[in-house]
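> Quick one: the structure is below, questions incoming.
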4 protein chains.
Amino acid sequence: MLGYTIGRQCYDLYHNGDAVRFRRGLIMIIVMQENATQQDVEDVVKRIKDFGYSTRILSGEFRTVVAALGDARDKARLQALESLKHVESVMPILKPYKLCSREVRAENSIIDVKGVKIGGDKLVVMAGPCSVESKEQLIETGKSVLASGAAILRGGAFKPRTSPYSFQGMEEEGLKLLKEVSEATGMPFVTEVMNPRDVELVHKYTDIMQIGARNVQNFSLLKEVGKMEKPILLKRGLATTIDEWLMSAEYILSEGNNKVILCERGIRTFENATRNTLDLSAIPVVKEKSHLPIIIDPSHGAGYWQYVAPMALAAVAAGADGLMIEVHWKPEEAFSDGPQSLKPPKFEALMKNVRKVAEAVGRSV
Amino acid sequence: MLGYTIGRQCYDLYHNGDAVRFRRGLIMIIVMQENATQQDVEDVVKRIKDFGYSTRILSGEFRTVVAALGDARDKARLQALESLKHVESVMPILKPYKLCSREVRAENSIIDVKGVKIGGDKLVVMAGPCSVESKEQLIETGKSVLASGAAILRGGAFKPRTSPYSFQGMEEEGLKLLKEVSEATGMPFVTEVMNPRDVELVHKYTDIMQIGARNVQNFSLLKEVGKMEKPILLKRGLATTIDEWLMSAEYILSEGNNKVILCERGIRTFENATRNTLDLSAIPVVKEKSHLPIIIDPSHGAGYWQYVAPMALAAVAAGADGLMIEVHWKPEEAFSDGPQSLKPPKFEALMKNVRKVAEAVGRSV
Amino acid sequence: MLGYTIGRQCYDLYHNGDAVRFRRGLIMIIVMQENATQQDVEDVVKRIKDFGYSTRILSGEFRTVVAALGDARDKARLQALESLKHVESVMPILKPYKLCSREVRAENSIIDVKGVKIGGDKLVVMAGPCSVESKEQLIETGKSVLASGAAILRGGAFKPRTSPYSFQGMEEEGLKLLKEVSEATGMPFVTEVMNPRDVELVHKYTDIMQIGARNVQNFSLLKEVGKMEKPILLKRGLATTIDEWLMSAEYILSEGNNKVILCERGIRTFENATRNTLDLSAIPVVKEKSHLPIIIDPSHGAGYWQYVAPMALAAVAAGADGLMIEVHWKPEEAFSDGPQSLKPPKFEALMKNVRKVAEAVGRSV
Amino acid sequence: MLGYTIGRQCYDLYHNGDAVRFRRGLIMIIVMQENATQQDVEDVVKRIKDFGYSTRILSGEFRTVVAALGDARDKARLQALESLKHVESVMPILKPYKLCSREVRAENSIIDVKGVKIGGDKLVVMAGPCSVESKEQLIETGKSVLASGAAILRGGAFKPRTSPYSFQGMEEEGLKLLKEVSEATGMPFVTEVMNPRDVELVHKYTDIMQIGARNVQNFSLLKEVGKMEKPILLKRGLATTIDEWLMSAEYILSEGNNKVILCERGIRTFENATRNTLDLSAIPVVKEKSHLPIIIDPSHGAGYWQYVAPMALAAVAAGADGLMIEVHWKPEEAFSDGPQSLKPPKFEALMKNVRKVAEAVGRSV
């Protein structure tokens, strides 16, 4: 029970006179072992002070706890005290993300992408092919998703592929096609950036820069996009906890870019009937913890087109701020992710149902 | 080697003249290693025939494949051929569940519980406390969930608890209370059975017998409830694939009881913000593979009451045939699962939204 | 960090005057929300007292914590307080298992099976076929594993199979064969029991009763074998944490049978190159937390015979008290688990290496 | 559908006259649905040919299979055929990694790092602090690990940290210290590179470049280090299958750098008693599939220093080619990973036992 209840703790402990009080600022509590002597406790206190923290001793009949107060940035040094012989454990008790937390900003963040608002009452649907493959493919797919109600075009120009022998994307050529189709249709577009060296290039063309699931903890890349102006769509990793994902968002916000859109796209589990396991509970959890908008990508989550529509509707019912859906005019010829792509008529049918479910939960599309 | 990965295949292979054809009846293909001699192949063929199968040899330039045809029941013996020196792998290629598969029955099964139909257009909501604790608790909770639109009462009399020191349930006393409240409210009820020794006792009282997540592969228990007449609600285990879950349902059907209701309640993953990870993609996957109805338990899936409503609505949007929700008149006094139980007013509010989302996807409650 | 460090905590908190002290007996701490009023705190205190606990208030500048002290058995009722509006979280802080914990018994438990001692310096190897299939199979395999150095014979008479159409074991006939071969070779034997109804029957024949991975939380079965006299080999479940596994052992000990041997056999993860992921770190973790012996089953852990020997040697190096290995005279004809079974000559070769590694870490075989 | 499960297959299928033969070169088999007409099959065949593949039709009584032969690089386009109405599934059947596979090179690769040979009979131990923190820390730790038998120094100058507020490493200053201590002790060193922009800088100083777990699928980075000359230590990701990990190695080899050392450091599972679950079965699996050396990092795998020694010995017994161990002269003052770092005396004691176990399995240190 503890494993999953205390991870969410965000309180700060403060000792004052004959009582224990909680206040922001505390970083860690250090639990001494039962047989620790006063000398051992003093030794721990001295080390904590040497790290620049103030301390509060909570001594007891059998055991003593030392609370360390100060700047969270250096808390790994406190964690290391766990190696001391008479220390039983060291427990961090400050929520590690700040800027993206609800406590810092109670109302929802709404991110404006050329007039399309993400995070408000109106749901935003991003749709398009996995990879940009040709002008014809992109313009046809773009027109059709626009007609069905998509607000943002998606398409990959730089592709992260498990195999070095797979199609790696059209690169700048693809960016140009995206820009062209975006201008022709009036839809802003989102595309992935993988390499810090490409950040400026992609930023020059795109309206939203996407960080893919495999780069969710590529901290060098997060820092670079955090310095840019345009919104960032940050996908959750295959094995990233929600707290770690918010910490990755924090990397971007801490560099000055607070226009982050979170995107759940399935986590890796033992189940193999689907490509990944789409964790829709991330929606209410993120909404509770953070002010950032969250959208859902059921295409990667499910991995097979026939499961995409039910999962998209479920996402809307659970409170998602939008959807990202792979649509391809000819999935059977797609260079990547064909099996999970919808054909335009299927996407159009889905959008009708998305509207109905959105209304049922008090939203619009 | 592939025994564990390819088990999802449902095609049958049949060799005929100069071609390879597919037909029901084939069980395994045995792939020989590149350096296998004709003698090695003949040895394998002889062994397969000794097991009572017929064979088809698919010899090739570099490698030979032997297909074994016959009765699937004994296929583990074929799997064992993988131990032979010149065999590279043995692959089963027959869908292992039959009676619960869509191929056997194309239309949805509808299960009638005293007039409440599960699996049809109308969603069925089962609600009530985790544990039966007292007559007053049960009657008050029962009346309130009925008033809000629940069709079936839930309540545990035998409780599977991680710790031997936790409350283990009111046992037969609890069954009597369930029966009494069921009769007073007119709602049929569902309750768990854990021990083969208790099957007859529980069957005497209850309307639906529940097999809990921890017993999903308690094959002795599955066989016993498969011999009973009343419907079975079979929860998915914490680490059970959808295929294994359907195999557990198959145990029940193969004993003669085809009134099985599947219930997804969350699987175990690395994420700890929720108690489990509710796998809503199980809904479209089960609907594709099986004719059995599937309901969702968002209470155990999420583990915290504030996430229950969004996940319940998501389940309805994804096509679930019903919901199982923990409601307690005083969650803060519950003997078990208090944190994930809704209070009656929250449940009433949820039911209003369930109706709206159900309508949006063409269902009713 | 907290997720995995605090799960191991076993301290009790006690507040005394101007300090916080730790003592066994405390069960939970209840953290109030920042905006909780004195009235809210008093309400929580009253509820805790009504449950029969005494309380200590740790009031603070911004937040108040209430510690509840008393009998751990009813702690789920305290957990339920998390549902209250002004309660932020409820945290259990008492190690939930007692009888199997190192704190209760500092020295290793050594379990005597007809003179074979499990848990001492000498490693115990259990070997034999997955399923008992015939007298000839069992006697030949038994003789060969005895000759190679196995101390205990293994063989399944009741088989838990994913599919109802697979071979389900020879049942009592198999028990008789095991008894016969055990007497002929002088080796005690271990065999699985799945159904509470079969406990007496299996107990009559066997020397060690095995609880399989799928039944690790079959609490009815655990209670029944806890009432018997003979040692119990308790396999870890596919998705059972080490703490939950120890809680399952606690079920057996709490019924009076303290002769429990733990057996790690692989957990379920996303990796599919092996049948399961053998978690050898369970060895040092269990050794730290509990006085019970732990053995390793590399056959189920790896799932393919060619990985069994390296994993067996690794288990010995990590400090396991023994091994359980599937050996079959003709794996290619085995009714179950053929791919992971060793042939007698491979087992003999393995035992020679087991001896060398055991000596390297100061043990013998 | 099978794209994700069957990828381990390494046989090639070739149809010839009245038989089915296997040959390298085949990429995919396309299984048609039962009700596919001849026209549907011809349509599929035409599409495959349009992609530049040759085809073989394996028509049957009930079902037809089309085999596509040609260049594997474009196989995702074939996978996309799964979207066609009459196609049941598309199965890749060529092992996706080539250069790092045993089939390409039967003997073990031995990688020479300034005279230290990794992958031969002699085990190589890499040891040192998680982060470089000061000259004194590094020189003292370096001398002590050398004295105990380590052959390579480890230390982080660029640190991937979950939180942007944690210590991020000494960067080039740290590289200079590593170089200095390396020269003073005569030990080559390994250090991590995270950003493609830093590859040249790190390469200038280091002897082995490490790719961390979080960057295992940072394909931009893999390509850049693949163009460099020095050996690469490639850690497995938290949720990376062994096949995906080998594909990441393939990225490096395919760019021309074949000096790749694999390093298993634990995968993410539901268990939280350890920081990660160290998957030692990766050793025999990698040895079977690939010619590349594999070492084990028990420090990150276990996460607590008291579990490091048993897991290190287990790794040696299972056949690892080396170990990477975090040693810190004062773990209680470490800037990162203190709880899992060994003090020099513990490391010295461990090395004595490593030698004994290595000898027991026919290796040396």
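By convention in this document, the chains of the structure tokens carry letters A, B, ... by their order, each chain's residues are numbered from 1, and ligands are numbered from 1 in the order they are shown.
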Could you please select, counting only C-alpha atoms, the residues of chain B within 8 Å of chain C and state them as a ChimeraX atom specification?
/B:1,4-5,72-84,96-97,160-167,194-197,214-215,217-221,238-239,244,247-248,250-251,254,268,305,331-341
> Keeping C-alpha atoms, export the residues of the selection given above as an mmCIF file, in the first residue's frame.

data_model
loop_
_atom_site.group_PDB
_atom_site.id
_atom_site.type_symbol
_atom_site.label_atom_id
_atom_site.label_comp_id
_atom_site.auth_asym_id
_atom_site.auth_seq_id
_atom_site.Cartn_x
_atom_site.Cartn_y
_atom_site.Cartn_z
ATOM 1 C CA MET B 1 11.152 -21.011 -28.458
ATOM 2 C CA TYR B 4 5.171 -18.394 -25.991
ATOM 3 C CA THR B 5 5.070 -15.695 -28.620
ATOM 4 C CA ALA B 72 -4.566 -30.126 -30.112
ATOM 5 C CA ARG B 73 -5.026 -31.565 -26.653
ATOM 6 C CA ASP B 74 -1.658 -33.171 -26.522
ATOM 7 C CA LYS B 75 0.372 -30.454 -28.149
ATOM 8 C CA ALA B 76 2.762 -29.974 -25.203
ATOM 9 C CA ARG B 77 4.342 -33.228 -26.260
ATOM 10 C CA LEU B 78 5.107 -31.702 -29.635
ATOM 11 C CA GLN B 79 6.487 -28.594 -27.982
ATOM 12 C CA ALA B 80 9.002 -30.839 -26.276
ATOM 13 C CA LEU B 81 10.588 -31.690 -29.619
ATOM 14 C CA GLU B 82 12.324 -28.353 -29.307
ATOM 15 C CA SER B 83 14.841 -30.161 -27.113
ATOM 16 C CA LEU B 84 16.065 -32.216 -30.035
ATOM 17 C CA PRO B 96 -5.926 -22.508 -27.951
ATOM 18 C CA TYR B 97 -9.397 -21.500 -26.803
ATOM 19 C CA PRO B 160 -8.880 -12.621 -0.183
ATOM 20 C CA ARG B 161 -6.456 -10.507 1.837
ATOM 21 C CA THR B 162 -2.710 -10.177 1.364
ATOM 22 C CA SER B 163 -2.178 -10.401 5.124
ATOM 23 C CA PRO B 164 -3.459 -13.203 7.360
ATOM 24 C CA TYR B 165 -3.999 -10.556 10.023
ATOM 25 C CA SER B 166 -6.529 -8.543 7.978
ATOM 26 C CA PHE B 167 -10.314 -8.865 8.181
ATOM 27 C CA MET B 194 -12.341 -18.565 -3.008
ATOM 28 C CA ASN B 195 -12.318 -22.158 -1.842
ATOM 29 C CA PRO B 196 -13.606 -25.190 -3.773
ATOM 30 C CA ARG B 197 -15.014 -26.354 -0.443
ATOM 31 C CA ARG B 214 -5.770 -13.940 -7.504
ATOM 32 C CA ASN B 215 -7.708 -17.109 -8.396
ATOM 33 C CA GLN B 217 -5.532 -19.584 -12.619
ATOM 34 C CA ASN B 218 -6.813 -21.567 -9.633
ATOM 35 C CA PHE B 219 -7.777 -24.341 -11.998
ATOM 36 C CA SER B 220 -9.353 -26.548 -9.319
ATOM 37 C CA LEU B 221 -11.740 -23.750 -8.445
ATOM 38 C CA LEU B 238 -2.733 -9.024 -12.150
ATOM 39 C CA ALA B 239 -0.336 -10.640 -14.599
ATOM 40 C CA GLU B 244 -4.559 -16.731 -20.676
ATOM 41 C CA MET B 247 -8.127 -19.919 -21.389
ATOM 42 C CA SER B 248 -9.324 -19.653 -17.789
ATOM 43 C CA GLU B 250 -12.409 -21.937 -21.321
ATOM 44 C CA TYR B 251 -11.888 -24.092 -18.190
ATOM 45 C CA SER B 254 -15.388 -26.808 -20.977
ATOM 46 C CA ARG B 268 0.278 -4.885 -12.496
ATOM 47 C CA TRP B 305 -11.856 7.132 -5.520
ATOM 48 C CA PRO B 331 -15.719 4.831 3.101
ATOM 49 C CA GLU B 332 -13.709 6.263 5.964
ATOM 50 C CA GLU B 333 -14.954 3.408 8.170
ATOM 51 C CA ALA B 334 -14.682 0.634 5.599
ATOM 52 C CA PHE B 335 -13.005 -2.610 6.707
ATOM 53 C CA SER B 336 -11.294 -2.852 3.297
ATOM 54 C CA ASP B 337 -10.697 -0.791 0.150
ATOM 55 C CA GLY B 338 -11.980 2.435 1.698
ATOM 56 C CA PRO B 339 -9.731 4.701 -0.403
ATOM 57 C CA GLN B 340 -11.216 3.441 -3.653
ATOM 58 C CA SER B 341 -14.889 3.449 -2.617
#
> So that I can check the surroundings of Ala302 (chain C), please list as a list in words every protein, DNA and RNA residue that reaches within 10 Å of it, counting only C-alpha atoms and ignoring chain neighbours fewer than 5 positions away.
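These residues fall inside the cut-off: Arg265, Gly266, Ala273, Thr274, Arg275, Asn276, Thr277, Leu278, Asp297, Tyr307, Val308, Ala309, Pro310, Met311, Ala312 and Gln340 of chain C; Ser281, Pro284 and Val285 of chain D.
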> Could you save the residues just selected, with C-alpha atoms, as a CSV table (one decimal), in the first residue's frame?

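part.csv, freshly written:
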chain,number,residue,atom,x,y,z
C,265,ARG,CA,11.0,-19.3,-10.3
C,266,GLY,CA,10.9,-16.1,-12.4
C,273,ALA,CA,13.6,-14.1,-24.9
C,274,THR,CA,13.1,-16.1,-21.7
C,275,ARG,CA,9.9,-17.7,-20.5
C,276,ASN,CA,10.1,-15.5,-17.3
C,277,THR,CA,12.7,-13.2,-15.8
C,278,LEU,CA,14.5,-15.0,-13.0
C,297,ASP,CA,14.1,-22.9,-10.0
C,307,TYR,CA,19.9,-21.2,-20.2
C,308,VAL,CA,19.3,-23.4,-17.2
C,309,ALA,CA,23.0,-24.2,-16.3
C,310,PRO,CA,24.3,-20.6,-16.2
C,311,MET,CA,21.3,-19.5,-14.2
C,312,ALA,CA,21.7,-22.4,-11.7
C,340,GLN,CA,13.2,-26.4,-20.3
D,281,SER,CA,19.5,-14.4,-18.1
D,284,PRO,CA,23.3,-16.7,-21.9
D,285,VAL,CA,20.7,-15.2,-24.3
> What's the separation between CA of Gly115 (chain B) and CA of Leu262 (chain B), in Å to one decimal place?
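Result for CA of Gly115 (chain B) versus CA of Leu262 (chain B): 18.9 Å, one decimal.
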> Quick one: pull the distance between CA of Val190 (chain C) and CA of Met209 (chain C), Å, one decimal.
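Those two atoms sit 5.8 Å apart.
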> With chain B fixed, least-squares superpose chain C over all its C-alpha atoms paired in order and give the RMSD in Å.
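Root-mean-square deviation of the C-alpha atoms: 1.4 Å.
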> Using Å and a single decimal, report how far CA of Gly169 (chain C) sits from CA of Lys143 (chain C).
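Between these atoms lies a distance of 21.5 Å.
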> Output as a PyMOL selection string all residues of region 95-225 of chain C that backbone DSSP marks as strand (DSSP E or B).
chain C and resi 101+111-113+116-118+122+124-128+131+152-154+156+189-192+208-211
> Counting only C-alpha atoms, which of B:Asn353, B:Asn257, B:Ser182, B:Thr191 gets nearest to Gly142 (chain B)?
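Smallest distance to Gly142 (chain B) is found for B:Ser182.
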> With a distance cut-off of 8 Å and only C-alpha atoms, select the neighbouring residues of region 354-357 of chain D, excluding the residue or stretch itself and same-chain residues fewer than 5 positions from it, and output the selection as a list in words.
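Everything that qualifies: Ala317, Val357, Ala360 and Val361 of chain C; Ala312, Leu313, Val316, Ala317, Ser364 and Val365 of chain D.
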> Which polymer residues have any atom within 10 Å of an atom of region 171-177 of chain D, counting only C-alpha atoms, with same-chain residues fewer than 2 positions away left out, as a list in words?
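So, after excluding close chain neighbours, the residues are Ser131, Val132, Glu133, Ser134, Lys135, Glu136, Leu138, Ile139, Gly155, Gly156, Ala157, Phe158, Lys159, Gln168, Gly169, Lys179, Glu180, Val181, Ser182, Glu183, Phe189, Thr191, Val193, Asp198, Leu201, Val202, Lys204, Tyr205 and Thr206 of chain D.
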> Need the shell around His291 (chain B): protein/DNA/RNA residues with any atom at most 7 Å away, counting only C-alpha atoms. Skip same-chain ones fewer than 5 positions apart. Format as a list of chain:residue names?
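In the requested format, the answer is B:Cys100, B:Ser101, B:Arg102, B:Arg105, B:Ala106, B:Glu107, B:Asn108, B:Ser109.
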> Keeping only all heavy atoms, take the residues you just selected and write them out as an mmCIF file, in the first residue's frame.

data_model
loop_
_atom_site.group_PDB
_atom_site.id
_atom_site.type_symbol
_atom_site.label_atom_id
_atom_site.label_comp_id
_atom_site.auth_asym_id
_atom_site.auth_seq_id
_atom_site.Cartn_x
_atom_site.Cartn_y
_atom_site.Cartn_z
ATOM 1 N N CYS B 100 -14.952 -20.350 -26.061
ATOM 2 C CA CYS B 100 -15.243 -18.953 -25.787
ATOM 3 C C CYS B 100 -14.846 -18.066 -26.967
ATOM 4 O O CYS B 100 -14.896 -16.851 -26.863
ATOM 5 C CB CYS B 100 -14.580 -18.499 -24.485
ATOM 6 S SG CYS B 100 -12.811 -18.470 -24.521
ATOM 7 N N SER B 101 -14.468 -18.659 -28.075
ATOM 8 C CA SER B 101 -13.974 -17.856 -29.198
ATOM 9 C C SER B 101 -15.100 -17.416 -30.131
ATOM 10 O O SER B 101 -16.131 -18.083 -30.269
ATOM 11 C CB SER B 101 -12.904 -18.653 -29.965
ATOM 12 O OG SER B 101 -13.290 -18.896 -31.278
ATOM 13 N N ARG B 102 -14.890 -16.283 -30.767
ATOM 14 C CA ARG B 102 -15.826 -15.738 -31.749
ATOM 15 C C ARG B 102 -16.036 -16.681 -32.915
ATOM 16 O O ARG B 102 -17.056 -16.629 -33.593
ATOM 17 C CB ARG B 102 -15.249 -14.441 -32.352
ATOM 18 C CG ARG B 102 -15.530 -13.185 -31.693
ATOM 19 C CD ARG B 102 -16.896 -12.598 -32.027
ATOM 20 N NE ARG B 102 -17.070 -11.395 -31.211
ATOM 21 C CZ ARG B 102 -18.202 -11.022 -30.663
ATOM 22 N NH1 ARG B 102 -19.302 -11.714 -30.828
ATOM 23 N NH2 ARG B 102 -18.259 -9.937 -29.934
ATOM 24 N N ARG B 105 -18.815 -18.921 -31.958
ATOM 25 C CA ARG B 105 -20.103 -18.223 -31.814
ATOM 26 C C ARG B 105 -19.896 -16.779 -32.224
ATOM 27 O O ARG B 105 -19.200 -16.033 -31.534
ATOM 28 C CB ARG B 105 -20.537 -18.304 -30.351
ATOM 29 C CG ARG B 105 -21.888 -17.674 -30.070
ATOM 30 C CD ARG B 105 -22.195 -17.716 -28.565
ATOM 31 N NE ARG B 105 -23.251 -16.775 -28.286
ATOM 32 C CZ ARG B 105 -24.544 -17.069 -28.281
ATOM 33 N NH1 ARG B 105 -24.934 -18.309 -28.486
ATOM 34 N NH2 ARG B 105 -25.449 -16.132 -28.062
ATOM 35 N N ALA B 106 -20.484 -16.406 -33.360
ATOM 36 C CA ALA B 106 -20.229 -15.069 -33.903
ATOM 37 C C ALA B 106 -20.977 -13.982 -33.140
ATOM 38 O O ALA B 106 -20.456 -12.893 -32.920
ATOM 39 C CB ALA B 106 -20.613 -15.034 -35.383
ATOM 40 N N GLU B 107 -22.211 -14.286 -32.709
ATOM 41 C CA GLU B 107 -22.973 -13.231 -32.015
ATOM 42 C C GLU B 107 -22.573 -13.176 -30.534
ATOM 43 O O GLU B 107 -22.053 -14.143 -29.982
ATOM 44 C CB GLU B 107 -24.478 -13.462 -32.173
ATOM 45 C CG GLU B 107 -25.017 -14.680 -31.457
ATOM 46 C CD GLU B 107 -24.922 -15.951 -32.293
ATOM 47 O OE1 GLU B 107 -23.953 -16.101 -33.097
ATOM 48 O OE2 GLU B 107 -25.795 -16.811 -32.136
ATOM 49 N N ASN B 108 -22.841 -12.013 -29.911
ATOM 50 C CA ASN B 108 -22.522 -11.832 -28.495
ATOM 51 C C ASN B 108 -23.354 -12.761 -27.614
ATOM 52 O O ASN B 108 -24.550 -12.922 -27.852
ATOM 53 C CB ASN B 108 -22.851 -10.397 -28.064
ATOM 54 C CG ASN B 108 -21.916 -9.388 -28.695
ATOM 55 O OD1 ASN B 108 -20.791 -9.723 -29.054
ATOM 56 N ND2 ASN B 108 -22.376 -8.162 -28.840
ATOM 57 N N SER B 109 -22.742 -13.309 -26.593
ATOM 58 C CA SER B 109 -23.494 -14.047 -25.578
ATOM 59 C C SER B 109 -24.179 -13.056 -24.661
ATOM 60 O O SER B 109 -23.568 -12.067 -24.245
ATOM 61 C CB SER B 109 -22.552 -14.926 -24.742
ATOM 62 O OG SER B 109 -22.221 -16.097 -25.435
#
> Report the residues of region 227-306 of chain D whose backbone DSSP state falls under alpha helix (DSSP H), written as a ChimeraX atom specification.
/D:242-254,282-289,298-302,305-306
